[in-house]
Each structure stands twice: as structure tokens, then as C-alpha cells.
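K.L.:
What follows is a structure written as C-alpha cells; I'll ask about it next.
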Amino acid sequence: PKMKDGKIRLSPSTLNVFLECPKCFWLEHVKDIHRPRGIFPSLPGGMDLLIKKYFDKYRVLGKLPPELEGKIDAELFPDPELLNKWRNWRSALTYEDPESGAVLSGMLDDLGVQPEKRLFVPLDYKTRGFDVKEGGEAFYKNQLNCYGLLLRENGMKPAGHAYLIYYIPKDVAEKGMTRFDVVPKRVEINPDDALKVLRSAVN
């Protein structure tokens, strides 16, 4: 949507609407007619906050959570204060595209780093009710491409891939204890693909 400064501001989720249904995107951003929304579940948002706190506990120790050791090729971004800025929509990473004049902004869940190569790896948590199907990560490709673009244009070279970190509930025991499987999935990303989607959406 156009803001008071006249700039078109978009996000990975609004670009997903464009990819799913260009007419829905046009109606929403040109005519202010929104798609009907059902009841939005609060559990994934609650889990997201808990997972962030959990990762932050290991961040200050300079370690990965043990269930990710040897499964991802990055360390956790070491600066919690800066990461928390990027997790907030008011201070999220942004990029203004000089060709289209549009502004892309996106909130990171987490960020991995490869210090020896000075490369950055987007990490995104996903809570699912069922096991991950092969190829299911394609649904999140645009979102992760956008994170790569935002990192690149803010001076942090992306590594060329990201990780979806799935939390999948497996069983419930006494006193509400629930066990989750944690499944990281590597996804190849291309920031230039996100730029193409952004410009197509603006057009």
C-alpha cells in the first residue's frame, strides 16, 4: 500500500499474496478490498516467541541448540540487541528499490552466520502439526529469497541458502510436557528472484 510519503511498502507476506493471486493483491492494494480471513490461530505465534527465547539462551553462550549441532552450517548471529531490532516491524530490515521506488521490509526470526566466509544465513522457524513432506519448503521460497535480498542490500552477503527449522509435535506427557521433533531444511535462495517479484508486484 502507498503510505503518506507516497512510497509503496511491501513485505514477503504481501508478495506471497501477489504470487498466489495477482487479482487479490491488486484489489487489496489498489481498491482496499481484502480477502476474507478465518480465525487466525494463536498457537504458532506463541510458539514463535518461545522458540526465539530458547535460541537467544544459546546465542549468549555462543552455541547452537544441541538438536541443531552438525545439522546446519552456521553459527547463531551473536548480537541479540541488533537481532531484536530486526524482529520488530518498526525497525525491521528494509530495502528501497531505485527502479520501482518501492520499499520492501521483512522481520527475521533468526540469523545464522558463517564467520570465516563473512556470509549470512536466514533462519526461519515453522510450527507444523504433521511431518514435513518432500518439496513442501517451496511454499516459503519467496519469503526466504526476500530475506536474502534484504540482507544483501544492507551490506550482509547471504550465503545462497537459508534454513527452515520445523517444530513438529510428537507426543504429550504428564503435566503438559510436549515433545517436538526439530527438523532443519536447507533451502537454496536467490535474492534476484525476490527483486523480480517485487518489481512485478509494483507493476
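Here, A, B, ... name the chains of the C-alpha cells in the order displayed, residue numbers run from 1 inside each chain, and ligands are numbered from 1 in the same displayed order.
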Would you kindly return, as a ChimeraX atom specification, each protein, DNA or RNA residue with an atom no farther than 12 Å from any atom of A:Asn16, considering only C-alpha atoms and excluding same-chain residues fewer than 5 positions away?

P.N.:
/A:10-11,21-22,24-25,138-146,194,197-198,201

K.L.:
Grab the residues selected above and save them as an mmCIF file, in the first residue's frame with C-alpha atoms.

P.N.:
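Okay, result_5.cif is ready:
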data_model
loop_
_atom_site.group_PDB
_atom_site.id
_atom_site.type_symbol
_atom_site.label_atom_id
_atom_site.label_comp_id
_atom_site.auth_asym_id
_atom_site.auth_seq_id
_atom_site.Cartn_x
_atom_site.Cartn_y
_atom_site.Cartn_z
ATOM 1 C CA LEU A 10 5.571 -4.371 0.660
ATOM 2 C CA SER A 11 6.646 -7.392 2.685
ATOM 3 C CA CYS A 21 -3.429 -14.425 -6.710
ATOM 4 C CA PRO A 22 -2.416 -11.234 -8.565
ATOM 5 C CA CYS A 24 -6.405 -10.436 -4.901
ATOM 6 C CA PHE A 25 -3.187 -8.463 -4.478
ATOM 7 C CA ALA A 138 8.931 -24.441 -1.933
ATOM 8 C CA PHE A 139 5.957 -22.603 -0.378
ATOM 9 C CA TYR A 140 8.419 -20.480 1.634
ATOM 10 C CA LYS A 141 10.906 -19.838 -1.173
ATOM 11 C CA ASN A 142 9.777 -16.264 -1.881
ATOM 12 C CA GLN A 143 9.897 -15.354 1.817
ATOM 13 C CA LEU A 144 13.452 -16.658 2.125
ATOM 14 C CA ASN A 145 14.516 -15.008 -1.159
ATOM 15 C CA CYS A 146 13.229 -11.720 0.282
ATOM 16 C CA ALA A 194 12.780 -11.625 -4.885
ATOM 17 C CA VAL A 197 8.736 -10.466 -7.774
ATOM 18 C CA LEU A 198 8.854 -7.053 -6.072
ATOM 19 C CA ALA A 201 4.018 -6.650 -7.975
#

K.L.:
Give me the residues within 12 Å of stretch 61-78 of chain A as a PDB file with N, CA and C atoms, in the first residue's frame, counting only C-alpha atoms and dropping any in the same chain fewer than 3 places off.

P.N.:
ATOM      1  N   ILE A  51      10.318 -20.105  21.006  1.00  0.00           N
ATOM      2  CA  ILE A  51      11.498 -20.599  20.276  1.00  0.00           C
ATOM      3  C   ILE A  51      12.559 -19.495  20.216  1.00  0.00           C
ATOM      4  N   LYS A  52      12.140 -18.254  20.015  1.00  0.00           N
ATOM      5  CA  LYS A  52      13.096 -17.145  19.999  1.00  0.00           C
ATOM      6  C   LYS A  52      13.830 -17.046  21.341  1.00  0.00           C
ATOM      7  N   LYS A  53      13.085 -17.153  22.445  1.00  0.00           N
ATOM      8  CA  LYS A  53      13.716 -17.108  23.776  1.00  0.00           C
ATOM      9  C   LYS A  53      14.698 -18.268  23.943  1.00  0.00           C
ATOM     10  N   TYR A  54      14.300 -19.427  23.446  1.00  0.00           N
ATOM     11  CA  TYR A  54      15.148 -20.621  23.550  1.00  0.00           C
ATOM     12  C   TYR A  54      16.451 -20.430  22.767  1.00  0.00           C
ATOM     13  N   PHE A  55      16.339 -19.946  21.525  1.00  0.00           N
ATOM     14  CA  PHE A  55      17.536 -19.705  20.710  1.00  0.00           C
ATOM     15  C   PHE A  55      18.412 -18.615  21.341  1.00  0.00           C
ATOM     16  N   ASP A  56      17.767 -17.591  21.895  1.00  0.00           N
ATOM     17  CA  ASP A  56      18.530 -16.495  22.494  1.00  0.00           C
ATOM     18  C   ASP A  56      19.345 -16.968  23.696  1.00  0.00           C
ATOM     19  N   LYS A  57      18.824 -17.972  24.402  1.00  0.00           N
ATOM     20  CA  LYS A  57      19.559 -18.533  25.538  1.00  0.00           C
ATOM     21  C   LYS A  57      20.888 -19.129  25.074  1.00  0.00           C
ATOM     22  N   TYR A  58      20.864 -19.809  23.931  1.00  0.00           N
ATOM     23  CA  TYR A  58      22.102 -20.391  23.384  1.00  0.00           C
ATOM     24  C   TYR A  58      22.963 -19.341  22.693  1.00  0.00           C
ATOM     25  N   GLU A  81      20.757  -7.767  20.648  1.00  0.00           N
ATOM     26  CA  GLU A  81      20.111  -6.453  20.605  1.00  0.00           C
ATOM     27  C   GLU A  81      19.790  -6.046  19.170  1.00  0.00           C
ATOM     28  N   LEU A  82      20.739  -6.259  18.268  1.00  0.00           N
ATOM     29  CA  LEU A  82      20.523  -5.931  16.861  1.00  0.00           C
ATOM     30  C   LEU A  82      19.492  -6.864  16.242  1.00  0.00           C
ATOM     31  N   LEU A  83      19.575  -8.148  16.563  1.00  0.00           N
ATOM     32  CA  LEU A  83      18.609  -9.105  16.023  1.00  0.00           C
ATOM     33  C   LEU A  83      17.192  -8.762  16.473  1.00  0.00           C
ATOM     34  N   ASN A  84      17.021  -8.346  17.728  1.00  0.00           N
ATOM     35  CA  ASN A  84      15.686  -7.991  18.211  1.00  0.00           C
ATOM     36  C   ASN A  84      15.125  -6.779  17.481  1.00  0.00           C
ATOM     37  N   TRP A  86      15.645  -6.254  14.291  1.00  0.00           N
ATOM     38  CA  TRP A  86      15.207  -6.799  13.008  1.00  0.00           C
ATOM     39  C   TRP A  86      13.988  -7.707  13.150  1.00  0.00           C
ATOM     40  N   LEU A 108      12.981 -10.754  10.514  1.00  0.00           N
ATOM     41  CA  LEU A 108      13.668 -12.043  10.622  1.00  0.00           C
ATOM     42  C   LEU A 108      13.253 -12.765  11.890  1.00  0.00           C
ATOM     43  N   ASP A 109      13.129 -14.087  11.808  1.00  0.00           N
ATOM     44  CA  ASP A 109      13.029 -14.892  13.024  1.00  0.00           C
ATOM     45  C   ASP A 109      14.403 -14.991  13.677  1.00  0.00           C
ATOM     46  N   ASP A 110      15.385 -15.359  12.863  1.00  0.00           N
ATOM     47  CA  ASP A 110      16.733 -15.553  13.375  1.00  0.00           C
ATOM     48  C   ASP A 110      17.703 -15.474  12.212  1.00  0.00           C
ATOM     49  N   LEU A 111      18.976 -15.500  12.544  1.00  0.00           N
ATOM     50  CA  LEU A 111      20.003 -15.340  11.527  1.00  0.00           C
ATOM     51  C   LEU A 111      21.215 -16.174  11.896  1.00  0.00           C
ATOM     52  N   GLY A 112      21.720 -16.905  10.909  1.00  0.00           N
ATOM     53  CA  GLY A 112      22.954 -17.648  11.086  1.00  0.00           C
ATOM     54  C   GLY A 112      24.103 -16.902  10.416  1.00  0.00           C
ATOM     55  N   VAL A 113      25.312 -17.170  10.881  1.00  0.00           N
ATOM     56  CA  VAL A 113      26.493 -16.565  10.265  1.00  0.00           C
ATOM     57  C   VAL A 113      27.539 -17.644  10.020  1.00  0.00           C
ATOM     58  N   GLN A 114      28.302 -17.437   8.939  1.00  0.00           N
ATOM     59  CA  GLN A 114      29.494 -18.241   8.665  1.00  0.00           C
ATOM     60  C   GLN A 114      30.672 -17.275   8.798  1.00  0.00           C
ATOM     61  N   PRO A 115      31.230 -17.130  10.014  1.00  0.00           N
ATOM     62  CA  PRO A 115      32.209 -16.054  10.276  1.00  0.00           C
ATOM     63  C   PRO A 115      33.432 -16.104   9.372  1.00  0.00           C
ATOM     64  N   GLU A 116      33.917 -17.316   9.088  1.00  0.00           N
ATOM     65  CA  GLU A 116      35.133 -17.415   8.282  1.00  0.00           C
ATOM     66  C   GLU A 116      34.911 -16.916   6.858  1.00  0.00           C
ATOM     67  N   LYS A 117      33.682 -17.039   6.346  1.00  0.00           N
ATOM     68  CA  LYS A 117      33.363 -16.574   4.992  1.00  0.00           C
ATOM     69  C   LYS A 117      32.661 -15.209   4.995  1.00  0.00           C
ATOM     70  N   ARG A 118      32.297 -14.740   6.181  1.00  0.00           N
ATOM     71  CA  ARG A 118      31.539 -13.497   6.329  1.00  0.00           C
ATOM     72  C   ARG A 118      30.232 -13.543   5.542  1.00  0.00           C
ATOM     73  N   LEU A 119      29.537 -14.665   5.673  1.00  0.00           N
ATOM     74  CA  LEU A 119      28.263 -14.866   4.992  1.00  0.00           C
ATOM     75  C   LEU A 119      27.150 -15.038   6.029  1.00  0.00           C
ATOM     76  N   PHE A 120      25.930 -14.720   5.583  1.00  0.00           N
ATOM     77  CA  PHE A 120      24.775 -14.744   6.490  1.00  0.00           C
ATOM     78  C   PHE A 120      23.708 -15.706   5.959  1.00  0.00           C
ATOM     79  N   VAL A 121      23.056 -16.411   6.892  1.00  0.00           N
ATOM     80  CA  VAL A 121      22.106 -17.468   6.545  1.00  0.00           C
ATOM     81  C   VAL A 121      20.779 -17.203   7.272  1.00  0.00           C
ATOM     82  N   PRO A 122      19.708 -16.829   6.549  1.00  0.00           N
ATOM     83  CA  PRO A 122      18.417 -16.642   7.217  1.00  0.00           C
ATOM     84  C   PRO A 122      17.931 -17.951   7.850  1.00  0.00           C
ATOM     85  N   LEU A 123      17.392 -17.838   9.065  1.00  0.00           N
ATOM     86  CA  LEU A 123      16.792 -18.971   9.768  1.00  0.00           C
ATOM     87  C   LEU A 123      15.347 -18.606  10.069  1.00  0.00           C
ATOM     88  N   MET A 156      25.090  -7.265   4.149  1.00  0.00           N
ATOM     89  CA  MET A 156      25.378  -8.580   4.737  1.00  0.00           C
ATOM     90  C   MET A 156      25.201  -9.637   3.649  1.00  0.00           C
ATOM     91  N   PRO A 158      24.444 -12.723   1.673  1.00  0.00           N
ATOM     92  CA  PRO A 158      23.811 -14.004   2.004  1.00  0.00           C
ATOM     93  C   PRO A 158      24.615 -15.176   1.459  1.00  0.00           C
ATOM     94  N   ALA A 159      24.513 -16.306   2.145  1.00  0.00           N
ATOM     95  CA  ALA A 159      25.307 -17.482   1.787  1.00  0.00           C
ATOM     96  C   ALA A 159      24.760 -18.225   0.564  1.00  0.00           C
ATOM     97  N   GLY A 160      23.583 -17.869   0.100  1.00  0.00           N
ATOM     98  CA  GLY A 160      22.991 -18.579  -1.036  1.00  0.00           C
ATOM     99  C   GLY A 160      21.998 -19.644  -0.608  1.00  0.00           C
ATOM    100  N   HIS A 161      21.816 -19.795   0.704  1.00  0.00           N
ATOM    101  CA  HIS A 161      20.796 -20.722   1.201  1.00  0.00           C
ATOM    102  C   HIS A 161      20.286 -20.218   2.545  1.00  0.00           C
ATOM    103  N   ALA A 162      19.152 -20.766   2.942  1.00  0.00           N
ATOM    104  CA  ALA A 162      18.542 -20.459   4.231  1.00  0.00           C
ATOM    105  C   ALA A 162      18.122 -21.784   4.863  1.00  0.00           C
ATOM    106  N   TYR A 163      17.639 -21.714   6.098  1.00  0.00           N
ATOM    107  CA  TYR A 163      17.097 -22.911   6.750  1.00  0.00           C
ATOM    108  C   TYR A 163      15.707 -22.622   7.295  1.00  0.00           C
ATOM    109  N   LEU A 164      14.773 -23.511   6.966  1.00  0.00           N
ATOM    110  CA  LEU A 164      13.500 -23.591   7.674  1.00  0.00           C
ATOM    111  C   LEU A 164      13.718 -24.550   8.833  1.00  0.00           C
ATOM    112  N   ILE A 165      13.367 -24.146  10.029  1.00  0.00           N
ATOM    113  CA  ILE A 165      13.529 -25.014  11.196  1.00  0.00           C
ATOM    114  C   ILE A 165      12.135 -25.378  11.683  1.00  0.00           C
ATOM    115  N   TYR A 166      11.719 -26.600  11.337  1.00  0.00           N
ATOM    116  CA  TYR A 166      10.374 -27.072  11.651  1.00  0.00           C
ATOM    117  C   TYR A 166      10.321 -27.642  13.061  1.00  0.00           C
ATOM    118  N   TYR A 167       9.280 -27.255  13.803  1.00  0.00           N
ATOM    119  CA  TYR A 167       8.960 -27.848  15.102  1.00  0.00           C
ATOM    120  C   TYR A 167       7.664 -28.630  14.936  1.00  0.00           C
ATOM    121  N   PHE A 180       8.707 -32.277  20.824  1.00  0.00           N
ATOM    122  CA  PHE A 180       8.706 -31.868  19.418  1.00  0.00           C
ATOM    123  C   PHE A 180       9.899 -32.489  18.710  1.00  0.00           C
ATOM    124  N   ASP A 181       9.703 -32.891  17.471  1.00  0.00           N
ATOM    125  CA  ASP A 181      10.823 -33.146  16.579  1.00  0.00           C
ATOM    126  C   ASP A 181      11.264 -31.807  15.994  1.00  0.00           C
ATOM    127  N   VAL A 182      12.566 -31.619  15.872  1.00  0.00           N
ATOM    128  CA  VAL A 182      13.105 -30.398  15.272  1.00  0.00           C
ATOM    129  C   VAL A 182      13.810 -30.794  13.983  1.00  0.00           C
ATOM    130  N   VAL A 183      13.294 -30.306  12.862  1.00  0.00           N
ATOM    131  CA  VAL A 183      13.774 -30.733  11.544  1.00  0.00           C
ATOM    132  C   VAL A 183      14.228 -29.508  10.744  1.00  0.00           C
ATOM    133  N   PRO A 184      15.551 -29.296  10.591  1.00  0.00           N
ATOM    134  CA  PRO A 184      16.010 -28.193   9.739  1.00  0.00           C
ATOM    135  C   PRO A 184      16.019 -28.618   8.268  1.00  0.00           C
ATOM    136  N   LYS A 185      15.518 -27.745   7.402  1.00  0.00           N
ATOM    137  CA  LYS A 185      15.510 -27.996   5.962  1.00  0.00           C
ATOM    138  C   LYS A 185      16.270 -26.878   5.253  1.00  0.00           C
ATOM    139  N   ARG A 186      17.294 -27.252   4.531  1.00  0.00           N
ATOM    140  CA  ARG A 186      18.071 -26.269   3.771  1.00  0.00           C
ATOM    141  C   ARG A 186      17.315 -25.895   2.493  1.00  0.00           C
ATOM    142  N   VAL A 187      17.246 -24.600   2.208  1.00  0.00           N
ATOM    143  CA  VAL A 187      16.559 -24.101   1.014  1.00  0.00           C
ATOM    144  C   VAL A 187      17.508 -23.164   0.283  1.00  0.00           C
TER     145      VAL A 187
END

K.L.:
Which residue out of A:Ile168, A:Ile189, A:Val17, A:Leu49 has the minimum interatomic distance to A:Arg35 when only C-alpha atoms are used?

P.N.:
A:Val17

K.L.:
Which residues in stretch 58-133 of chain A does DSSP call strand (DSSP E)? List them as a VMD selection string.

P.N.:
chain A and resid 75 to 76 93 to 96 103 to 106 110 to 114 119 to 127

K.L.:
Please write the residues from the selection above to a file, keeping C-alpha atoms, as a PDB file, in the first residue's frame.

P.N.:
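again11.pdb, freshly written:
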ATOM      1  CA  GLU A  75      26.512 -20.238  13.995  1.00  0.00           C
ATOM      2  CA  LEU A  76      23.840 -18.048  15.587  1.00  0.00           C
ATOM      3  CA  LEU A  93      15.410  -4.630   7.654  1.00  0.00           C
ATOM      4  CA  THR A  94      14.278  -2.548   4.673  1.00  0.00           C
ATOM      5  CA  TYR A  95      15.341  -2.037   1.077  1.00  0.00           C
ATOM      6  CA  GLU A  96      14.190   0.752  -1.246  1.00  0.00           C
ATOM      7  CA  VAL A 103      10.187  -0.345  -0.160  1.00  0.00           C
ATOM      8  CA  LEU A 104      10.487  -3.974   0.961  1.00  0.00           C
ATOM      9  CA  SER A 105      10.642  -4.734   4.668  1.00  0.00           C
ATOM     10  CA  GLY A 106      10.789  -8.044   6.485  1.00  0.00           C
ATOM     11  CA  ASP A 110      16.733 -15.553  13.375  1.00  0.00           C
ATOM     12  CA  LEU A 111      20.003 -15.340  11.527  1.00  0.00           C
ATOM     13  CA  GLY A 112      22.954 -17.648  11.086  1.00  0.00           C
ATOM     14  CA  VAL A 113      26.493 -16.565  10.265  1.00  0.00           C
ATOM     15  CA  GLN A 114      29.494 -18.241   8.665  1.00  0.00           C
ATOM     16  CA  LEU A 119      28.263 -14.866   4.992  1.00  0.00           C
ATOM     17  CA  PHE A 120      24.775 -14.744   6.490  1.00  0.00           C
ATOM     18  CA  VAL A 121      22.106 -17.468   6.545  1.00  0.00           C
ATOM     19  CA  PRO A 122      18.417 -16.642   7.217  1.00  0.00           C
ATOM     20  CA  LEU A 123      16.792 -18.971   9.768  1.00  0.00           C
ATOM     21  CA  ASP A 124      13.009 -19.197   9.935  1.00  0.00           C
ATOM     22  CA  TYR A 125      11.007 -21.192  12.498  1.00  0.00           C
ATOM     23  CA  LYS A 126       7.896 -23.079  11.404  1.00  0.00           C
ATOM     24  CA  THR A 127       5.479 -24.936  13.704  1.00  0.00           C
TER      25      THR A 127
END

K.L.:
Measure the distance from atom CA of A:Asn190 to atom CA of A:Leu149 in Å and round it to one decimal.

P.N.:
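Straight-line distance from atom CA of A:Asn190 to atom CA of A:Leu149 works out to 7.8 Å.
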
K.L.:
Name the residues of stretch 43-169 of chain A that come out as alpha helix (DSSP H) in a backbone DSSP run; write them as a PyMOL selection string.

P.N.:
chain A and resi 43-59+80-86+141-153

K.L.:
Could you state the separation of atom CA of A:Gly101 and atom CA of A:Glu188 in Å, given to one decimal place?

P.N.:
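Those two atoms sit 27.2 Å apart.
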
K.L.:
Mind pulling up the distance from atom CA of A:Pro36 to atom CA of A:Asp5?

P.N.:
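Atom CA of A:Pro36 lies 28.2 Å from atom CA of A:Asp5.
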